[in-house]
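Working notes, structure below.
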There are 2 protein chains.
Amino acid sequence: MAQKIPIRIYLTEDETPQFWYNLRAVMKEKPEPILHPGTLKPVTSADMEVVFCKEMVKQELDETTPLIPIPDGIREFYRAYRPSPLVRAYFLEKALGTPAEIYYKFEGTNTSGSHKLNSAGAQAYYAKEEGLTSLTTETGAGQWGTAMAMACAFYDLKLTVYMVKVSSEQKPYRKALMEAYGAGLIPSPSNTTESGRKILANDPNTGGSLGCAISEAIETAVKTDKCRYVLGSVLNHVLLHQTVIGLETKTAMDKYGIKPDIIIGCAGGGSNLGGLLAPFMGDKIAGKSNARFIAVEPASCPSFTRGRFVYDFGDTAKTTPLIRMQTLGNGFIPSSNHAGGLRYHGMSSILSKLYHDGLLEARAEVQTDVFDAALRFMKTEGILPAPESSHAIKAAIDEALECKKTGEKKVILFGLSGTGYFDMTAYMAYNNKTMNDYIPTDADLEKGFATIPDIPQNK
Amino acid sequence: MAQKIPIRIYLTEDETPQFWYNLRAVMKEKPEPILHPGTLKPVTSADMEVVFCKEMVKQELDETTPLIPIPDGIREFYRAYRPSPLVRAYFLEKALGTPAEIYYKFEGTNTSGSHKLNSAGAQAYYAKEEGLTSLTTETGAGQWGTAMAMACAFYDLKLTVYMVKVSSEQKPYRKALMEAYGAGLIPSPSNTTESGRKILANDPNTGGSLGCAISEAIETAVKTDKCRYVLGSVLNHVLLHQTVIGLETKTAMDKYGIKPDIIIGCAGGGSNLGGLLAPFMGDKIAGKSNARFIAVEPASCPSFTRGRFVYDFGDTAKTTPLIRMQTLGNGFIPSSNHAGGLRYHGMSSILSKLYHDGLLEARAEVQTDVFDAALRFMKTEGILPAPESSHAIKAAIDEALECKKTGEKKVILFGLSGTGYFDMTAYMAYNNKTMNDYIPTDADLEKGFATIPDIPQNK
């Protein structure tokens, strides 16, 4: 198998995944069950189907089926922009002078600019199959909203997007792109929902948060006929769809006999990292791999490194079920100085559990260090990375430089989850040295923790 | 050879071109020689080397070598982002209900967002090899400037970009991206050059033009030590570098036995279309193909369809050599309502000659029709196209719909030269229906024609 390894590995259409990888089915310690906030008992399908599509609920609650078939209709959608390339960071390696091999799976080649399209396409497909006519969702930095707008254009569904107000003001072009795809945009908090009006009454000048926008989108979905809500991260079914990233990566690496020693991803709600690491973590749990896994989060929203592993709501209005996860408290809102996404107060329950059980490491990075890494990457590899993805780049560079010190020839894999075309305001702030490295104080965090529900499970 | 054709064809690294294709060497009727504006005699290498790198001049004047080797250093650069995919527009075909097969060569997968990087990398490489330390250039819509900024970051050269003033104001993010790559940006016309000051004295409120920016960039190059000027389109050596597009496309098509009947590209200065069509036109000239070739230009800057085939200057300050080309006159400045690039008054002498000899067709399209086509494309194929590239999409759709009428199963190939991430202002204007379909009147054109030099060759 002395096959020459190309810089960019593309799978053939025959090699692309036919199943998603349900990591929970192979985890020895499962994530805690999702609870109904009233009864504090595990939620039932019936509870969740008021808000979500039936198939999403089924996938959300399935922790026993290891491989879940990807329907032909979704594989068809994936064919429009996948497989994505696995790239050897040959030029970055040379610039760093590291003996390490660095690979990245690049999910930014589609117009939504990120991996989010993998779940957007799946969720829109199921909604259409189930006879729905419209969907609601929220978006922060805008990748998820754009992905849903594209998917809804493809499957001919109406879409309403609640966009975090500060983002909709900072990113008029993101808004224009979603509108070009036919989506309706509402800056959140808004007067169109009860939860929005309540938040505005408390703080008329708030820039909003993902938690608020989720509350509004759910409320509208529940009140609208043939309409459901879709979420772009955190939940189990979203991570499931994203395993297409890890599966393609693993097939490509196996084909050329490459074994990653370190697997790195940025983490906001966890969908990109969860999708990338799933099959590799499966190998580790099965004792077939010694790889290390690293989640990289912004120091301004440190749900892993400074959060608590407790039951919390997914939204500010406290309307969602309770999820046991790493959380800063549903009332936590990161500083508006923080650029890009990764602003969510909680974290995927799967990744939270892996972290809690010592299978996943985490580190937090400040903004200017992250943009330093982004610039280093773009000048050598040529790709303008999203600020989110640049957290992973920062850790990959640090690990590669560590190898330079020790002389180890480790294989580093990271997820380049998206591009930064709509983040030029942040790059301008970096160029002009007006970027702010805000880190919440312990007192700031305490305010967030105070919003965590005071229930027996959290004692 | 009943090999299954994938939606996206990627060549292996071994299949990528090792030579550029010098179309002039196979043209039976060559383009007229470039003339020195003082003597009206063909320019010599010595004349041109004051402005351009030596190797660029050699390539510019070489009309006999059919295949020119791509140096290893440039093939290395190409490896950082090439080969680009040849995509079957499967979803667009389905939406149109056409029996035609539509393919596009997608050059927008690199961060500069267009094909321009193919020549930027080559020119920066030769500049470095020749011991230069800095380069100057101009940019309109910004693709070329970004491409040069990336190439100069890669080869460690200083770069000064004169950016058409109206573009630098409309596209602050383009500017930020070039600056992130380390380029120095100067809005043109500026006070940094004599030609800039002269233009400003005549019209202090001018938004500038490519012609003005070229004059300023050349003046600065000539006055600076170890510095030369680089141009991103129009010239023969630029088209030569861009033949990597057509060569990759032809190799991919030959591999699967696909023969294009119609080859379409947008045309501003002609580099993208010239690069795409070169090897296919070579086949046509050799009697091995009956393909049709179509250049698509904006109705607001119609150098093919309403221009004259005469000798003209390449810049407004009348400092360049004289090129026989389709031109609207060096003083022609398209309406500022026109979005995107394709704003140059002239056209590649190679394409002008092919047009004049009946080997190349041309058509002009108005903006809203072009954006209608862009939206149709992005909703089916998922890619946000550049306004420039959308001219080619418009013609491809029209030809596919013609096939629907006639029932013909033609194979249509077009160049998707770039992405529209930095053109959202234009998409917003389209969304809001504030986009203007300006077409110059005959009187407008006469003003431009009046600036064409009155020399014996033009009688």
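Just so we're on the same page: first chain in the structure tokens is A, next is B, and so on; residues restart at 1 for each chain, and ligands are numbered from 1 in the order they show up.
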
* Asked: Residues at most 9 Å from Leu276 (chain A), counting only C-alpha atoms, excluding those fewer than 2 positions away in the same chain, as a ChimeraX atom specification?
  -> /A:105,242-247,249,263-265,271-274,278-280,414-415

Sorted by chain and rising residue number, which residues of chain B lie within 6 Å of chain A, and what are their closest atom pairs and distances in Å to one decimal, counting only C-alpha atoms, as CSV?
```
residue,atom,partner,partner_atom,distance
B:Thr111,CA,A:Ile383,CA,5.2
B:Tyr173,CA,A:Met424,CA,5.6
B:Ala176,CA,A:Met428,CA,5.8
B:Ile383,CA,A:Thr111,CA,5.2
B:Leu384,CA,A:Thr111,CA,5.9
B:Met424,CA,A:Tyr173,CA,5.6
B:Met428,CA,A:Ala176,CA,5.8
```

Let's have the selection written as a compact mmCIF listing (two decimals), in the first residue's frame, with C-alpha atoms.
```txt
# COMPACT_ATOMS: atom_id res chain seq x y z
CA THR B 111 -9.94 32.33 -0.86
CA TYR B 173 -14.27 43.79 3.32
CA ALA B 176 -9.66 44.19 4.74
CA ILE B 383 -23.02 27.89 -4.90
CA LEU B 384 -23.20 31.68 -4.58
CA MET B 424 -23.59 40.95 -1.27
CA MET B 428 -29.06 43.21 -1.71
```

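For the residues A:Ile218, A:Leu277, A:Ala392, A:Ile412, ranking by smallest atom-to-atom distance to Glu194 (chain A) using only C-alpha atoms places A:Ile218 first.
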
* Once DSSP has gone over the backbone, tell me which residues of region 172-390 of chain B are in alpha helix (DSSP H), as a VMD selection string. => chain B and resid 172 to 180 194 to 202 210 to 223 236 to 255 271 to 285 349 to 356 367 to 381 387 to 390

Export C-alpha atoms of the chosen residues as a short mmCIF file (atom, residue, chain, number, x, y, z; two decimals), in the first residue's frame?
```cif
data_model
loop_
_atom_site.label_atom_id
_atom_site.label_comp_id
_atom_site.auth_asym_id
_atom_site.auth_seq_id
_atom_site.Cartn_x
_atom_site.Cartn_y
_atom_site.Cartn_z
CA PRO B 172 -14.43 47.53 2.63
CA TYR B 173 -14.27 43.79 3.32
CA ARG B 174 -12.32 43.09 0.14
CA LYS B 175 -9.91 45.77 1.28
CA ALA B 176 -9.66 44.19 4.74
CA LEU B 177 -8.94 40.79 3.21
CA MET B 178 -6.10 42.14 1.05
CA GLU B 179 -4.70 43.98 4.07
CA ALA B 180 -4.92 40.82 6.18
CA GLU B 194 1.28 62.25 -11.42
CA SER B 195 -1.40 60.51 -13.46
CA GLY B 196 -3.63 60.27 -10.39
CA ARG B 197 -3.19 63.96 -9.61
CA LYS B 198 -3.95 64.88 -13.23
CA ILE B 199 -7.18 62.84 -13.22
CA LEU B 200 -8.24 64.34 -9.88
CA ALA B 201 -7.57 67.84 -11.16
CA ASN B 202 -9.96 67.19 -14.07
CA LEU B 210 -9.48 50.33 -14.07
CA GLY B 211 -7.78 52.42 -16.75
CA CYS B 212 -6.85 55.13 -14.19
CA ALA B 213 -5.69 52.58 -11.62
CA ILE B 214 -3.47 50.89 -14.21
CA SER B 215 -1.82 54.23 -15.05
CA GLU B 216 -1.02 54.84 -11.37
CA ALA B 217 0.29 51.32 -10.74
CA ILE B 218 2.58 51.45 -13.80
CA GLU B 219 3.91 54.88 -12.86
CA THR B 220 4.79 53.68 -9.35
CA ALA B 221 6.41 50.47 -10.62
CA VAL B 222 8.60 52.36 -13.07
CA LYS B 223 9.72 54.84 -10.38
CA ASN B 236 -1.28 37.32 -23.60
CA HIS B 237 0.84 35.99 -20.73
CA VAL B 238 -2.13 36.24 -18.35
CA LEU B 239 -4.32 34.24 -20.74
CA LEU B 240 -1.45 31.76 -21.05
CA HIS B 241 -1.39 31.14 -17.27
CA GLN B 242 -5.17 30.78 -17.24
CA THR B 243 -5.02 27.92 -19.76
CA VAL B 244 -4.53 25.70 -16.70
CA ILE B 245 -8.34 25.99 -16.43
CA GLY B 246 -9.01 24.71 -19.94
CA LEU B 247 -6.31 22.05 -19.78
CA GLU B 248 -7.66 20.56 -16.54
CA THR B 249 -11.16 20.67 -17.99
CA LYS B 250 -10.13 18.98 -21.21
CA THR B 251 -8.19 16.24 -19.39
CA ALA B 252 -11.22 15.58 -17.16
CA MET B 253 -13.63 15.52 -20.11
CA ASP B 254 -11.38 13.35 -22.25
CA LYS B 255 -11.05 10.91 -19.35
CA SER B 271 -8.56 35.93 -19.03
CA ASN B 272 -11.12 33.48 -17.70
CA LEU B 273 -12.76 32.72 -21.03
CA GLY B 274 -9.41 32.72 -22.83
CA GLY B 275 -8.01 30.23 -20.34
CA LEU B 276 -11.03 27.96 -20.52
CA LEU B 277 -11.39 27.86 -24.28
CA ALA B 278 -7.73 27.63 -25.34
CA PRO B 279 -7.24 23.87 -25.84
CA PHE B 280 -10.80 23.42 -27.15
CA MET B 281 -10.28 26.26 -29.65
CA GLY B 282 -7.01 24.57 -30.64
CA ASP B 283 -9.04 21.47 -31.54
CA LYS B 284 -11.49 23.56 -33.52
CA ILE B 285 -8.72 25.29 -35.45
CA SER B 349 -6.19 40.77 -28.39
CA ILE B 350 -6.39 36.99 -28.77
CA LEU B 351 -10.14 36.87 -28.08
CA SER B 352 -10.68 40.03 -30.15
CA LYS B 353 -9.00 38.34 -33.10
CA LEU B 354 -11.01 35.13 -32.68
CA TYR B 355 -14.19 37.20 -32.55
CA HIS B 356 -13.19 39.20 -35.61
CA GLN B 367 -27.78 43.07 -14.81
CA THR B 368 -31.16 41.89 -13.54
CA ASP B 369 -31.26 39.08 -16.12
CA VAL B 370 -27.81 38.05 -14.95
CA PHE B 371 -28.89 38.06 -11.28
CA ASP B 372 -32.07 36.14 -12.15
CA ALA B 373 -29.77 33.44 -13.53
CA ALA B 374 -27.51 33.66 -10.47
CA LEU B 375 -30.44 33.05 -8.10
CA ARG B 376 -31.67 30.14 -10.18
CA PHE B 377 -28.19 28.66 -10.03
CA MET B 378 -27.60 29.18 -6.31
CA LYS B 379 -30.93 27.70 -5.32
CA THR B 380 -30.24 24.49 -7.23
CA GLU B 381 -26.45 24.09 -7.30
CA PRO B 387 -21.83 38.60 -10.62
CA GLU B 388 -19.16 38.24 -13.32
CA SER B 389 -19.54 34.47 -13.55
CA SER B 390 -23.30 34.82 -13.55
#
```

* Distance query Gly448 (chain A) at most 7 Å, only C-alpha atoms, self and fewer than 4 positions along chain excluded, as a VMD selection string -> chain A and resid 328 to 332 444

* Excluding Pro302 (chain A) and any residue of its chain fewer than 5 positions from it, enumerate the residues within 7 Å of it, using only C-alpha atoms, and give them as a PyMOL selection string. => chain A and resi 297+307+364

* Please run DSSP on the backbone and report, as a count of residues only, all residues within region 292-395 of chain B that come out as strand (DSSP E or B). => 25

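Distances here use only C-alpha atoms; by that measure, the residue among B:Leu86, B:Leu157, B:Pro99, B:Ala291 closest to Tyr256 (chain B) is B:Leu86.
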
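Using only C-alpha atoms, the shortest contact distance between Ile258 (chain A) and any of A:Val411, A:Ile439, A:Leu11, A:Ile102 is found at A:Val411.
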
* Do you know which residues are at most 6 Å from Ile452 (chain A) counting only C-alpha atoms, after dropping those on the same chain fewer than 2 positions away, and could you put them as JSON, numbers by chain? -> {"A": [312, 329, 449, 450]}

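Closest to Leu135 (chain A) among A:Ile455, A:Cys301, A:Ala396, A:Ala120 is A:Ala120, based on only C-alpha atoms.
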
* Asked: Of the candidates B:Gln123, B:Thr39, B:Thr406, B:Asn22, which one gets nearest to Glu63 (chain B) if we count only C-alpha atoms?
  -> B:Asn22

* To do: Rank nothing, just name the residue among B:Ala299, B:Val50, B:Ile262, B:Leu231 nearest to Ile397 (chain B), using only C-alpha atoms.
  => B:Ile262

* Asked: Can you list, as an MDAnalysis selection string, every protein, DNA or RNA residue that comes within 12 Å of Val43 (chain B) when you count only C-alpha atoms, leaving out same-chain residues fewer than 3 positions away?
  -> chainID B and resid 32:40 46:50 57:58 60:61 320:323
